[in-house]
file protein.cif (mmCIF, C-alpha atoms)
data_data
#
loop_
_atom_site.group_PDB
_atom_site.id
_atom_site.type_symbol
_atom_site.label_atom_id
_atom_site.label_comp_id
_atom_site.auth_asym_id
_atom_site.auth_seq_id
_atom_site.Cartn_x
_atom_site.Cartn_y
_atom_site.Cartn_z
ATOM 1 C CA PHE A 1 -17.039 6.661 12.381
ATOM 2 C CA PRO A 2 -14.385 8.384 10.266
ATOM 3 C CA SER A 3 -15.949 11.241 8.328
ATOM 4 C CA HIS A 4 -12.621 11.813 6.544
ATOM 5 C CA ASP A 5 -10.708 9.564 4.117
ATOM 6 C CA THR A 6 -13.960 8.185 2.755
ATOM 7 C CA SER A 7 -14.505 6.954 -0.780
ATOM 8 C CA GLU A 8 -17.811 6.862 -2.632
ATOM 9 C CA TRP A 9 -17.773 3.096 -2.041
ATOM 10 C CA ASN A 10 -17.531 3.591 1.733
ATOM 11 C CA ALA A 11 -20.099 6.380 1.661
ATOM 12 C CA SER A 12 -22.624 4.063 -0.001
ATOM 13 C CA ILE A 13 -22.084 1.486 2.761
ATOM 14 C CA TYR A 14 -22.488 4.164 5.454
ATOM 15 C CA ARG A 15 -25.716 5.417 3.824
ATOM 16 C CA ALA A 16 -27.046 1.842 3.557
ATOM 17 C CA ALA A 17 -26.274 1.385 7.271
ATOM 18 C CA GLY A 18 -28.484 4.373 8.053
ATOM 19 C CA ILE A 19 -25.859 7.014 8.825
ATOM 20 C CA ASN A 20 -27.068 10.540 8.181
ATOM 21 C CA PRO A 21 -25.772 11.467 4.691
ATOM 22 C CA SER A 22 -24.995 15.012 5.863
ATOM 23 C CA LYS A 23 -22.293 13.528 8.122
ATOM 24 C CA ILE A 24 -20.525 11.769 5.252
ATOM 25 C CA TYR A 25 -17.815 13.485 3.234
ATOM 26 C CA VAL A 26 -16.242 11.808 0.222
ATOM 27 C CA VAL A 27 -12.596 12.656 -0.364
ATOM 28 C CA PRO A 28 -12.155 13.647 -4.006
ATOM 29 C CA ASN A 29 -9.745 11.464 -5.936
ATOM 30 C CA GLY A 30 -6.625 13.480 -6.505
ATOM 31 C CA TYR A 31 -2.917 13.950 -5.950
ATOM 32 C CA ASP A 32 -0.311 16.642 -6.486
ATOM 33 C CA GLU A 33 0.975 16.019 -10.009
ATOM 34 C CA LEU A 34 4.044 18.181 -9.303
ATOM 35 C CA THR A 35 5.082 15.635 -6.645
ATOM 36 C CA PHE A 36 3.669 12.360 -7.943
ATOM 37 C CA TYR A 37 4.774 11.606 -11.523
ATOM 38 C CA PRO A 38 6.490 8.686 -13.280
ATOM 39 C CA ALA A 39 10.278 8.322 -13.263
ATOM 40 C CA SER A 40 12.040 9.925 -16.211
ATOM 41 C CA GLU A 41 14.849 7.375 -16.250
ATOM 42 C CA GLY A 42 14.860 3.585 -16.352
ATOM 43 C CA ARG A 43 14.381 1.481 -13.273
ATOM 44 C CA SER A 44 16.604 -1.205 -11.819
ATOM 45 C CA ASP A 45 16.728 -4.695 -13.334
ATOM 46 C CA VAL A 46 15.236 -5.925 -10.041
ATOM 47 C CA ILE A 47 11.446 -5.949 -10.084
ATOM 48 C CA ARG A 48 10.272 -4.159 -6.936
ATOM 49 C CA PHE A 49 6.855 -4.603 -5.346
ATOM 50 C CA LEU A 50 5.786 -2.057 -2.724
ATOM 51 C CA TYR A 51 3.418 -2.452 0.220
ATOM 52 C CA VAL A 52 2.488 0.717 2.124
ATOM 53 C CA GLY A 53 0.520 0.272 5.304
ATOM 54 C CA CYS A 54 0.779 -1.486 8.625
ATOM 55 C CA ALA A 55 0.276 -4.866 10.250
ATOM 56 C CA GLN A 56 -3.450 -4.356 10.912
ATOM 57 C CA PHE A 57 -5.501 -7.377 9.821
ATOM 58 C CA ARG A 58 -7.678 -5.231 7.546
ATOM 59 C CA LYS A 59 -4.633 -4.138 5.506
ATOM 60 C CA GLY A 60 -3.830 -7.728 4.407
ATOM 61 C CA ILE A 61 -0.054 -7.807 4.880
ATOM 62 C CA ASP A 62 -0.434 -11.375 6.197
ATOM 63 C CA VAL A 63 -1.906 -12.419 2.834
ATOM 64 C CA LEU A 64 0.926 -10.740 0.929
ATOM 65 C CA LEU A 65 3.660 -12.279 3.089
ATOM 66 C CA SER A 66 2.096 -15.725 2.824
ATOM 67 C CA VAL A 67 1.973 -15.550 -0.972
ATOM 68 C CA TRP A 68 5.475 -14.030 -1.157
ATOM 69 C CA SER A 69 6.954 -16.849 0.927
ATOM 70 C CA GLN A 70 5.217 -19.520 -1.165
ATOM 71 C CA VAL A 71 5.944 -18.293 -4.690
ATOM 72 C CA THR A 72 9.329 -16.525 -4.546
ATOM 73 C CA LYS A 73 12.885 -17.768 -4.047
ATOM 74 C CA LYS A 74 15.915 -15.951 -2.644
ATOM 75 C CA SER A 75 17.762 -16.201 -5.980
ATOM 76 C CA GLU A 76 15.114 -14.316 -7.966
ATOM 77 C CA ARG A 77 15.655 -10.720 -9.033
ATOM 78 C CA ILE A 78 12.583 -9.420 -7.285
ATOM 79 C CA GLU A 79 12.108 -7.545 -4.047
ATOM 80 C CA LEU A 80 9.229 -6.680 -1.759
ATOM 81 C CA VAL A 81 9.558 -3.285 -0.095
ATOM 82 C CA ILE A 82 7.391 -2.823 2.985
ATOM 83 C CA LYS A 83 6.765 0.759 4.082
ATOM 84 C CA ASP A 84 5.328 0.365 7.578
ATOM 85 C CA THR A 85 3.627 3.258 9.375
ATOM 86 C CA PRO A 86 4.085 2.822 13.150
ATOM 87 C CA GLN A 87 3.822 6.619 13.527
ATOM 88 C CA VAL A 88 0.157 6.318 12.503
ATOM 89 C CA TYR A 89 -0.944 2.883 13.697
ATOM 90 C CA GLY A 90 1.482 2.144 16.538
ATOM 91 C CA LYS A 91 4.346 -0.297 16.930
ATOM 92 C CA ASN A 92 3.982 -3.887 15.838
ATOM 93 C CA ASN A 93 5.998 -7.065 15.214
ATOM 94 C CA LEU A 94 6.088 -6.748 11.432
ATOM 95 C CA LEU A 95 9.884 -6.392 11.168
ATOM 96 C CA GLN A 96 10.432 -9.498 13.305
ATOM 97 C CA ASP A 97 7.825 -11.380 11.249
ATOM 98 C CA VAL A 98 9.642 -10.427 8.022
ATOM 99 C CA ILE A 99 13.039 -11.515 9.375
ATOM 100 C CA THR A 100 11.587 -14.835 10.553
ATOM 101 C CA LEU A 101 9.802 -15.385 7.231
ATOM 102 C CA GLN A 102 12.947 -14.769 5.179
ATOM 103 C CA TYR A 103 15.025 -17.050 7.404
ATOM 104 C CA LYS A 104 12.525 -19.924 7.478
ATOM 105 C CA THR A 105 11.288 -19.887 3.871
ATOM 106 C CA GLY A 106 14.207 -18.658 1.756
ATOM 107 C CA CYS A 107 11.864 -16.315 -0.084
ATOM 108 C CA ALA A 108 12.981 -13.411 -2.249
ATOM 109 C CA LYS A 109 14.356 -10.273 -0.643
ATOM 110 C CA ILE A 110 12.126 -8.167 1.594
ATOM 111 C CA SER A 111 13.205 -4.659 2.586
ATOM 112 C CA TYR A 112 11.540 -2.955 5.542
ATOM 113 C CA ILE A 113 11.160 0.803 6.074
ATOM 114 C CA ASP A 114 9.447 2.276 9.124
ATOM 115 C CA LYS A 115 10.738 5.839 9.218
ATOM 116 C CA ALA A 116 8.394 8.765 8.661
ATOM 117 C CA MET A 117 8.694 10.072 5.101
ATOM 118 C CA SER A 118 7.678 13.338 3.461
ATOM 119 C CA GLU A 119 5.392 13.387 0.415
ATOM 120 C CA GLN A 120 8.461 13.947 -1.776
ATOM 121 C CA GLU A 121 10.270 10.970 -0.223
ATOM 122 C CA MET A 122 7.193 8.806 -0.714
ATOM 123 C CA ALA A 123 6.959 9.867 -4.357
ATOM 124 C CA GLU A 124 10.621 8.915 -4.815
ATOM 125 C CA LEU A 125 9.945 5.536 -3.184
ATOM 126 C CA TYR A 126 6.979 4.978 -5.517
ATOM 127 C CA ARG A 127 9.111 5.879 -8.546
ATOM 128 C CA SER A 128 11.748 3.343 -7.480
ATOM 129 C CA CYS A 129 9.179 0.518 -7.510
ATOM 130 C CA ASP A 130 7.344 -1.278 -10.312
ATOM 131 C CA ALA A 131 4.099 -2.248 -8.590
ATOM 132 C CA VAL A 132 2.140 -1.288 -5.495
ATOM 133 C CA VAL A 133 0.460 -4.229 -3.748
ATOM 134 C CA HIS A 134 -2.418 -3.675 -1.346
ATOM 135 C CA PRO A 135 -4.423 -6.866 -0.581
ATOM 136 C CA TYR A 136 -6.755 -5.120 1.867
ATOM 137 C CA ARG A 137 -9.780 -6.589 3.613
ATOM 138 C CA GLY A 138 -11.011 -3.116 4.545
ATOM 139 C CA GLU A 139 -9.804 0.260 3.299
ATOM 140 C CA GLY A 140 -11.122 3.797 3.570
ATOM 141 C CA PHE A 141 -9.788 5.133 0.277
ATOM 142 C CA GLY A 142 -6.268 4.016 -0.688
ATOM 143 C CA MET A 143 -4.530 7.338 -1.295
ATOM 144 C CA HIS A 144 -1.127 5.619 -1.310
ATOM 145 C CA VAL A 145 -2.330 3.408 -4.171
ATOM 146 C CA GLN A 146 -3.344 6.486 -6.119
ATOM 147 C CA GLY A 147 -0.031 8.246 -5.419
ATOM 148 C CA ALA A 148 1.918 5.137 -6.427
ATOM 149 C CA MET A 149 -0.043 4.803 -9.668
ATOM 150 C CA ALA A 150 0.593 8.468 -10.506
ATOM 151 C CA SER A 151 4.293 7.751 -9.938
ATOM 152 C CA GLY A 152 4.291 4.899 -12.434
ATOM 153 C CA CYS A 153 3.549 1.843 -10.269
ATOM 154 C CA PHE A 154 1.263 -0.885 -11.553
ATOM 155 C CA PRO A 155 -1.535 -1.497 -8.975
ATOM 156 C CA ILE A 156 -2.298 -4.938 -7.552
ATOM 157 C CA VAL A 157 -5.273 -4.446 -5.232
ATOM 158 C CA THR A 158 -8.338 -6.152 -3.835
ATOM 159 C CA GLU A 159 -11.424 -5.975 -6.033
ATOM 160 C CA GLY A 160 -14.692 -4.802 -4.536
ATOM 161 C CA GLY A 161 -13.580 -1.871 -2.453
ATOM 162 C CA PRO A 162 -12.811 1.825 -2.670
ATOM 163 C CA THR A 163 -9.889 1.391 -5.068
ATOM 164 C CA ASP A 164 -12.441 0.273 -7.681
ATOM 165 C CA GLU A 165 -13.126 4.001 -8.122
ATOM 166 C CA PHE A 166 -9.707 4.640 -9.695
ATOM 167 C CA VAL A 167 -8.061 1.264 -10.455
ATOM 168 C CA ARG A 168 -9.255 -0.469 -13.583
#

call {"tool": "encode", "arguments": {"input": "protein.cif", "output": "structure tokens"}}
result
Amino acid sequence: FPSHDTSEWNASIYRAAGINPSKIYVVPNGYDELTFYPASEGRSDVIRFLYVGCAQFRKGIDVLLSVWSQVTKKSERIELVIKDTPQVYGKNNLLQDVITLQYKTGCAKISYIDKAMSEQEMAELYRSCDAVVHPYRGEGFGMHVQGAMASGCFPIVTEGGPTDEFVR
């Protein structure tokens, strides 16, 4: 049971399940506004969607890739940027899945990043994108969604989870 990275939404579920409330700590919503802020100059004419996470089922990347392959075409001026985190969750086949998907479906461009990035580099990535997409099935808090929003990204997230606390 993770006592860190917990939202009020998760805490209420833990309490309802009978976990001792003294063992639950809610992470306050917040970010460093000196690092995470909107871009001061215009963005590219390509609309960029950003997914930050991993290939775990609970994160919902399969849902996003399925929709992307069905509704986008290679010729469109849109791009999906996937920031994978194998340093946190371990190696996976996500890059191969993306390459296969693009080849078989002719969907719009997908860029894949799996290198470790500093907070400053992440903020720059957020500022280079227009929307953050996180179709999760289960999430502890969604700090990357909050950081992306602070950096000017429009949020597209699952309703009925911890992001309800800060995404309207």

call {"tool": "resolve_selection", "arguments": {"input": "protein.cif", "expression": "the PyMOL selection byres ((chain A and resi 116) around 10)", "output": "ChimeraX atom specification"}}
result
/A:83-88,113-115,117-119,121-122

call {"tool": "residues_around", "arguments": {"input": "protein.cif", "residues": "range 123-140 of chain A", "least_positions_apart": "4", "cutoff": "6 Å", "atoms": "all atoms listed in the file", "output": "NGL selection string"}}
result
:A and (5-6 or 36 or 39 or 48-51 or 58-60 or 148 or 151 or 153-158)

call {"tool": "resolve_selection", "arguments": {"input": "protein.cif", "expression": "the PyMOL selection byres ((chain A and resi 94) around 9)", "output": "list in words"}}
result
Cys54, Ala55, Asp84, Lys91, Asn92, Asn93, Leu95, Gln96, Asp97, Val98, Ile99 and Tyr112 of chain A

call {"tool": "atom_distance", "arguments": {"input": "protein.cif", "atom1": "CA of Ala16 in chain A", "atom2": "CA of Gly147 in chain A"}}
result
29.2 Å

call {"tool": "residues_around", "arguments": {"input": "protein.cif", "residues": "Gly30 in chain A", "least_positions_apart": "6", "cutoff": "12 Å", "atoms": "all atoms listed in the file", "output": "ChimeraX atom specification"}}
result
/A:7,36,141-150,165-166

call {"tool": "decode", "arguments": {"input": "protein.cif", "residues": "range 114-127 of chain A", "atoms": "all heavy atoms", "output": "PDB file, in the first residue's frame"}}
result
ATOM      1  N   ASP A 114      12.362   7.855 -24.155  1.00  0.00           N
ATOM      2  CA  ASP A 114      12.450   7.021 -22.958  1.00  0.00           C
ATOM      3  C   ASP A 114      13.638   7.388 -22.074  1.00  0.00           C
ATOM      4  O   ASP A 114      13.914   6.708 -21.098  1.00  0.00           O
ATOM      5  CB  ASP A 114      12.477   5.538 -23.298  1.00  0.00           C
ATOM      6  CG  ASP A 114      13.718   5.121 -24.058  1.00  0.00           C
ATOM      7  OD1 ASP A 114      14.547   5.981 -24.404  1.00  0.00           O
ATOM      8  OD2 ASP A 114      13.859   3.908 -24.318  1.00  0.00           O
ATOM      9  N   LYS A 115      14.308   8.477 -22.390  1.00  0.00           N
ATOM     10  CA  LYS A 115      15.449   8.871 -21.561  1.00  0.00           C
ATOM     11  C   LYS A 115      14.950   9.543 -20.273  1.00  0.00           C
ATOM     12  O   LYS A 115      13.868  10.132 -20.237  1.00  0.00           O
ATOM     13  CB  LYS A 115      16.379   9.817 -22.316  1.00  0.00           C
ATOM     14  CG  LYS A 115      15.806  11.194 -22.562  1.00  0.00           C
ATOM     15  CD  LYS A 115      16.823  12.110 -23.209  1.00  0.00           C
ATOM     16  CE  LYS A 115      16.257  13.526 -23.274  1.00  0.00           C
ATOM     17  NZ  LYS A 115      17.250  14.530 -23.471  1.00  0.00           N
ATOM     18  N   ALA A 116      15.756   9.438 -19.236  1.00  0.00           N
ATOM     19  CA  ALA A 116      15.455  10.134 -17.988  1.00  0.00           C
ATOM     20  C   ALA A 116      15.579  11.633 -18.236  1.00  0.00           C
ATOM     21  O   ALA A 116      16.477  12.078 -18.956  1.00  0.00           O
ATOM     22  CB  ALA A 116      16.416   9.701 -16.890  1.00  0.00           C
ATOM     23  N   MET A 117      14.674  12.410 -17.677  1.00  0.00           N
ATOM     24  CA  MET A 117      14.676  13.855 -17.873  1.00  0.00           C
ATOM     25  C   MET A 117      14.571  14.568 -16.533  1.00  0.00           C
ATOM     26  O   MET A 117      13.848  14.120 -15.643  1.00  0.00           O
ATOM     27  CB  MET A 117      13.516  14.268 -18.789  1.00  0.00           C
ATOM     28  CG  MET A 117      13.616  13.678 -20.196  1.00  0.00           C
ATOM     29  SD  MET A 117      12.171  14.019 -21.228  1.00  0.00           S
ATOM     30  CE  MET A 117      12.516  15.690 -21.750  1.00  0.00           C
ATOM     31  N   SER A 118      15.268  15.685 -16.423  1.00  0.00           N
ATOM     32  CA  SER A 118      15.190  16.516 -15.218  1.00  0.00           C
ATOM     33  C   SER A 118      13.833  17.219 -15.176  1.00  0.00           C
ATOM     34  O   SER A 118      13.093  17.248 -16.169  1.00  0.00           O
ATOM     35  CB  SER A 118      16.309  17.552 -15.237  1.00  0.00           C
ATOM     36  OG  SER A 118      16.069  18.499 -16.272  1.00  0.00           O
ATOM     37  N   GLU A 119      13.511  17.834 -14.039  1.00  0.00           N
ATOM     38  CA  GLU A 119      12.279  18.614 -13.940  1.00  0.00           C
ATOM     39  C   GLU A 119      12.255  19.723 -14.983  1.00  0.00           C
ATOM     40  O   GLU A 119      11.231  19.984 -15.594  1.00  0.00           O
ATOM     41  CB  GLU A 119      12.138  19.229 -12.534  1.00  0.00           C
ATOM     42  CG  GLU A 119      11.367  18.388 -11.581  1.00  0.00           C
ATOM     43  CD  GLU A 119      10.876  19.189 -10.387  1.00  0.00           C
ATOM     44  OE1 GLU A 119      11.309  20.333 -10.142  1.00  0.00           O
ATOM     45  OE2 GLU A 119      10.029  18.636  -9.678  1.00  0.00           O
ATOM     46  N   GLN A 120      13.396  20.390 -15.183  1.00  0.00           N
ATOM     47  CA  GLN A 120      13.471  21.471 -16.165  1.00  0.00           C
ATOM     48  C   GLN A 120      13.219  20.943 -17.579  1.00  0.00           C
ATOM     49  O   GLN A 120      12.490  21.557 -18.356  1.00  0.00           O
ATOM     50  CB  GLN A 120      14.838  22.173 -16.093  1.00  0.00           C
ATOM     51  CG  GLN A 120      14.946  23.389 -16.992  1.00  0.00           C
ATOM     52  CD  GLN A 120      13.939  24.476 -16.656  1.00  0.00           C
ATOM     53  OE1 GLN A 120      13.725  24.815 -15.498  1.00  0.00           O
ATOM     54  NE2 GLN A 120      13.300  25.040 -17.669  1.00  0.00           N
ATOM     55  N   GLU A 121      13.811  19.797 -17.907  1.00  0.00           N
ATOM     56  CA  GLU A 121      13.587  19.204 -19.231  1.00  0.00           C
ATOM     57  C   GLU A 121      12.125  18.793 -19.414  1.00  0.00           C
ATOM     58  O   GLU A 121      11.559  18.963 -20.498  1.00  0.00           O
ATOM     59  CB  GLU A 121      14.494  17.986 -19.434  1.00  0.00           C
ATOM     60  CG  GLU A 121      15.956  18.341 -19.593  1.00  0.00           C
ATOM     61  CD  GLU A 121      16.861  17.120 -19.570  1.00  0.00           C
ATOM     62  OE1 GLU A 121      16.662  16.224 -18.720  1.00  0.00           O
ATOM     63  OE2 GLU A 121      17.777  17.084 -20.428  1.00  0.00           O
ATOM     64  N   MET A 122      11.524  18.275 -18.361  1.00  0.00           N
ATOM     65  CA  MET A 122      10.108  17.913 -18.445  1.00  0.00           C
ATOM     66  C   MET A 122       9.250  19.157 -18.655  1.00  0.00           C
ATOM     67  O   MET A 122       8.326  19.147 -19.467  1.00  0.00           O
ATOM     68  CB  MET A 122       9.655  17.157 -17.188  1.00  0.00           C
ATOM     69  CG  MET A 122      10.128  15.726 -17.127  1.00  0.00           C
ATOM     70  SD  MET A 122       9.608  14.693 -18.531  1.00  0.00           S
ATOM     71  CE  MET A 122       7.817  14.760 -18.402  1.00  0.00           C
ATOM     72  N   ALA A 123       9.559  20.223 -17.938  1.00  0.00           N
ATOM     73  CA  ALA A 123       8.804  21.469 -18.109  1.00  0.00           C
ATOM     74  C   ALA A 123       8.925  21.976 -19.543  1.00  0.00           C
ATOM     75  O   ALA A 123       7.940  22.436 -20.141  1.00  0.00           O
ATOM     76  CB  ALA A 123       9.289  22.518 -17.109  1.00  0.00           C
ATOM     77  N   GLU A 124      10.116  21.875 -20.118  1.00  0.00           N
ATOM     78  CA  GLU A 124      10.313  22.288 -21.512  1.00  0.00           C
ATOM     79  C   GLU A 124       9.512  21.398 -22.462  1.00  0.00           C
ATOM     80  O   GLU A 124       8.928  21.884 -23.436  1.00  0.00           O
ATOM     81  CB  GLU A 124      11.798  22.263 -21.864  1.00  0.00           C
ATOM     82  CG  GLU A 124      12.589  23.359 -21.168  1.00  0.00           C
ATOM     83  CD  GLU A 124      14.105  23.201 -21.294  1.00  0.00           C
ATOM     84  OE1 GLU A 124      14.566  22.397 -22.139  1.00  0.00           O
ATOM     85  OE2 GLU A 124      14.815  23.874 -20.530  1.00  0.00           O
ATOM     86  N   LEU A 125       9.468  20.095 -22.174  1.00  0.00           N
ATOM     87  CA  LEU A 125       8.661  19.186 -22.990  1.00  0.00           C
ATOM     88  C   LEU A 125       7.192  19.575 -22.886  1.00  0.00           C
ATOM     89  O   LEU A 125       6.494  19.669 -23.899  1.00  0.00           O
ATOM     90  CB  LEU A 125       8.874  17.732 -22.538  1.00  0.00           C
ATOM     91  CG  LEU A 125       8.045  16.676 -23.262  1.00  0.00           C
ATOM     92  CD1 LEU A 125       8.337  16.654 -24.770  1.00  0.00           C
ATOM     93  CD2 LEU A 125       8.299  15.305 -22.642  1.00  0.00           C
ATOM     94  N   TYR A 126       6.703  19.815 -21.677  1.00  0.00           N
ATOM     95  CA  TYR A 126       5.309  20.236 -21.503  1.00  0.00           C
ATOM     96  C   TYR A 126       5.025  21.505 -22.304  1.00  0.00           C
ATOM     97  O   TYR A 126       4.005  21.606 -22.976  1.00  0.00           O
ATOM     98  CB  TYR A 126       4.990  20.510 -20.027  1.00  0.00           C
ATOM     99  CG  TYR A 126       5.047  19.322 -19.106  1.00  0.00           C
ATOM    100  CD1 TYR A 126       5.434  19.482 -17.777  1.00  0.00           C
ATOM    101  CD2 TYR A 126       4.711  18.039 -19.522  1.00  0.00           C
ATOM    102  CE1 TYR A 126       5.467  18.414 -16.904  1.00  0.00           C
ATOM    103  CE2 TYR A 126       4.753  16.959 -18.650  1.00  0.00           C
ATOM    104  CZ  TYR A 126       5.138  17.155 -17.346  1.00  0.00           C
ATOM    105  OH  TYR A 126       5.176  16.093 -16.477  1.00  0.00           O
ATOM    106  N   ARG A 127       5.918  22.483 -22.225  1.00  0.00           N
ATOM    107  CA  ARG A 127       5.702  23.748 -22.934  1.00  0.00           C
ATOM    108  C   ARG A 127       5.700  23.572 -24.450  1.00  0.00           C
ATOM    109  O   ARG A 127       5.133  24.394 -25.159  1.00  0.00           O
ATOM    110  CB  ARG A 127       6.755  24.780 -22.513  1.00  0.00           C
ATOM    111  CG  ARG A 127       6.495  25.379 -21.139  1.00  0.00           C
ATOM    112  CD  ARG A 127       7.371  26.579 -20.845  1.00  0.00           C
ATOM    113  NE  ARG A 127       8.746  26.223 -20.563  1.00  0.00           N
ATOM    114  CZ  ARG A 127       9.214  25.853 -19.371  1.00  0.00           C
ATOM    115  NH1 ARG A 127       8.402  25.780 -18.337  1.00  0.00           N
ATOM    116  NH2 ARG A 127      10.493  25.573 -19.202  1.00  0.00           N
TER     117      ARG A 127
END
